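Student: The structure follows.
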Amino acid sequence: MIKKPKLILAPMAGVADSAFRQICKKYGADLLVSEMISAKAVCFNDKKTFQLADFDPCERPVALQIFGSEEHTMARAAKALCDSFHPDWIDVNMGCPVGKIVKSGDGSALMKDPERVYSIVAAIKDAVDVPLTVKIRSGRTEARKNAVEVALAAKRGGADMVAVHGKTAAQMYAPPVDLDIIKEVKTALGRDFPVAANGEITDGESAKRMLEYTDCDHLMIGRAALGRPWIFSEIKAYLKGESFTLGKSVASVMTEHIRLACQKKGEEIAVKELRKHIAAYIKGFKGAAMLRDKVNRALTMTELLKAAELFEDN
């Protein structure tokens, strides 16, 4: 019997901003997670960091994800974010594989020390009154896949859910995803403890396979939603045995995204940041290279909208 999982938009730095989260919510995402937020920057009252944490009420339920490696800093930051923004839960990043994060001892570097994982989770849990989740990798390297040990430490510290990206930090984002390690984590944590599976969930078929093989409770979808935010509705339809039709043009979704992003961040910032999103929307379509060139040269919302109109004519 197929479960009815919650479909979660993964926290993606430089991608999962408020505008993108709202678009994904409209097209089927059940739960949203913010971009990574530096615990140290929060404690220093960094203005840009607090802007990163801001979300629209329509995004609820939404989590703010923090990263760091010092128990007291993480706990203080989590409390400050809860006091200022009242998120529905706090998520802790223990899986980011990016070099500058790992070199600071943050992200996936924390998986080297399960006892540190326990103490960080316990400290945050004592500081906040909202649910606490933890996102991890299968391990640091192929030879050191310790997701089970780390997940158990997080549970012991008081985590309410663990999300497992079934790839090692050394893999970064390259396939394949290890379904066995996700299954092992779910078995170790127990039937009543929720586990979200992440990695290579790109359509309904892969979502169903992940659910059936790992016995996970929820699905976390990241890069597959870039340029295809309706993937959440597509997966839900597949799991119900129904066909899926977007019911509108890709250009209309793209236009909606452009307007919302510019409204949230202003044209100067949004136009530059939208380039990667638009490139993803048009990838594989006729005339994509020409349109991508226009988008990369665009400086205003109007120019981006004109590019979207051209795409619609293809």
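Lettering and numbering for the structure tokens are positional, with chains as A, B, ... in the shown order, residues counted from 1 in each chain, and ligands counted from 1 in the shown order.
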Can you pull out every residue from range 44-121 of chain A that DSSP, working from the backbone, puts in helix (DSSP H, G or I), and format the result as a VMD selection string?
Tutor: chain A and resid 47 to 53 57 to 59 71 to 85 99 to 103 107 to 112 114 to 121
Student: Please run DSSP on the backbone and report, as a list of chain:residue names, all residues within range 190-264 of chain A that come out as strand (DSSP E or B).
Tutor: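 Here are the strand (DSSP E or B) residues of range 190-264 of chain A: A:Val195, A:Ala196, A:Ala197, A:Asn198, A:His218, A:Leu219, A:Met220, A:Ile221.
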Student: Which is closer to Ala151 in chain A than all the others in A:Lys79, A:Arg191, A:Arg209, A:Arg137, using only C-alpha atoms?
Tutor: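 Of all the options, A:Arg137 lies closest to Ala151 in chain A.
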Student: Range 219-226 of chain A: which residues within 7 Å, counting only C-alpha atoms, same-chain residues fewer than 4 positions away excluded, as JSON, numbers by chain?
Tutor: {"A": [5, 6, 7, 8, 9, 10, 12, 196, 197, 198, 201, 202, 231, 277, 280]}
Student: May I ask for the distance between CA of Val98 in chain A and CA of Ala53 in chain A, given in Å to one decimal place?
Tutor: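 About the pair CA of Val98 in chain A and CA of Ala53 in chain A: they are 20.5 Å apart.
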Student: Closest to Leu52 in chain A among A:Lys100, A:Arg116, A:Lys265, A:Lys272, using only C-alpha atoms?
Tutor: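 Counting only C-alpha atoms, the residue closest to Leu52 in chain A is A:Lys265.
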Student: Using only C-alpha atoms, which residue out of A:Lys236, A:Arg60, A:Lys40, A:Lys186 lies closest to Tyr213 in chain A?
Tutor: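 Of A:Lys236, A:Arg60, A:Lys40, A:Lys186, the one nearest Tyr213 in chain A is A:Lys186, counting only C-alpha atoms.
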Student: Each residue of range 106-165 of chain A lying at most 9 Å from range 67-70 of chain A should get a row with its shortest atom-to-atom pair and the distance in Å to one decimal, counting only C-alpha atoms; could you produce that, ordered by chain and increasing number, as a Markdown table?
Tutor:
| residue | atom | partner | partner_atom | distance |
| --- | --- | --- | --- | --- |
| A:Asp106 | CA | A:Gly68 | CA | 5.0 |
| A:Gly107 | CA | A:Phe67 | CA | 6.4 |
| A:Ala109 | CA | A:Ser69 | CA | 8.9 |
| A:Leu110 | CA | A:Ser69 | CA | 7.1 |
| A:Arg116 | CA | A:Ser69 | CA | 8.2 |
| A:Val117 | CA | A:Ser69 | CA | 8.7 |
| A:Ile120 | CA | A:Glu70 | CA | 7.1 |
Student: Give the answer as one residue: which of A:Ser119, A:Leu132, A:Asp88, A:Ala298 has the shortest atom-to-atom distance to Ala270 in chain A, using only C-alpha atoms?
Tutor: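 Nearest to Ala270 in chain A: A:Ala298.
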Student: Skipping near chain neighbours, those fewer than 2 positions away, what residues fall within 8 Å of Val295 in chain A using only C-alpha atoms, listed as a PyMOL selection string?
Tutor: chain A and resi 275+278+291-293+297-298+303-304+307
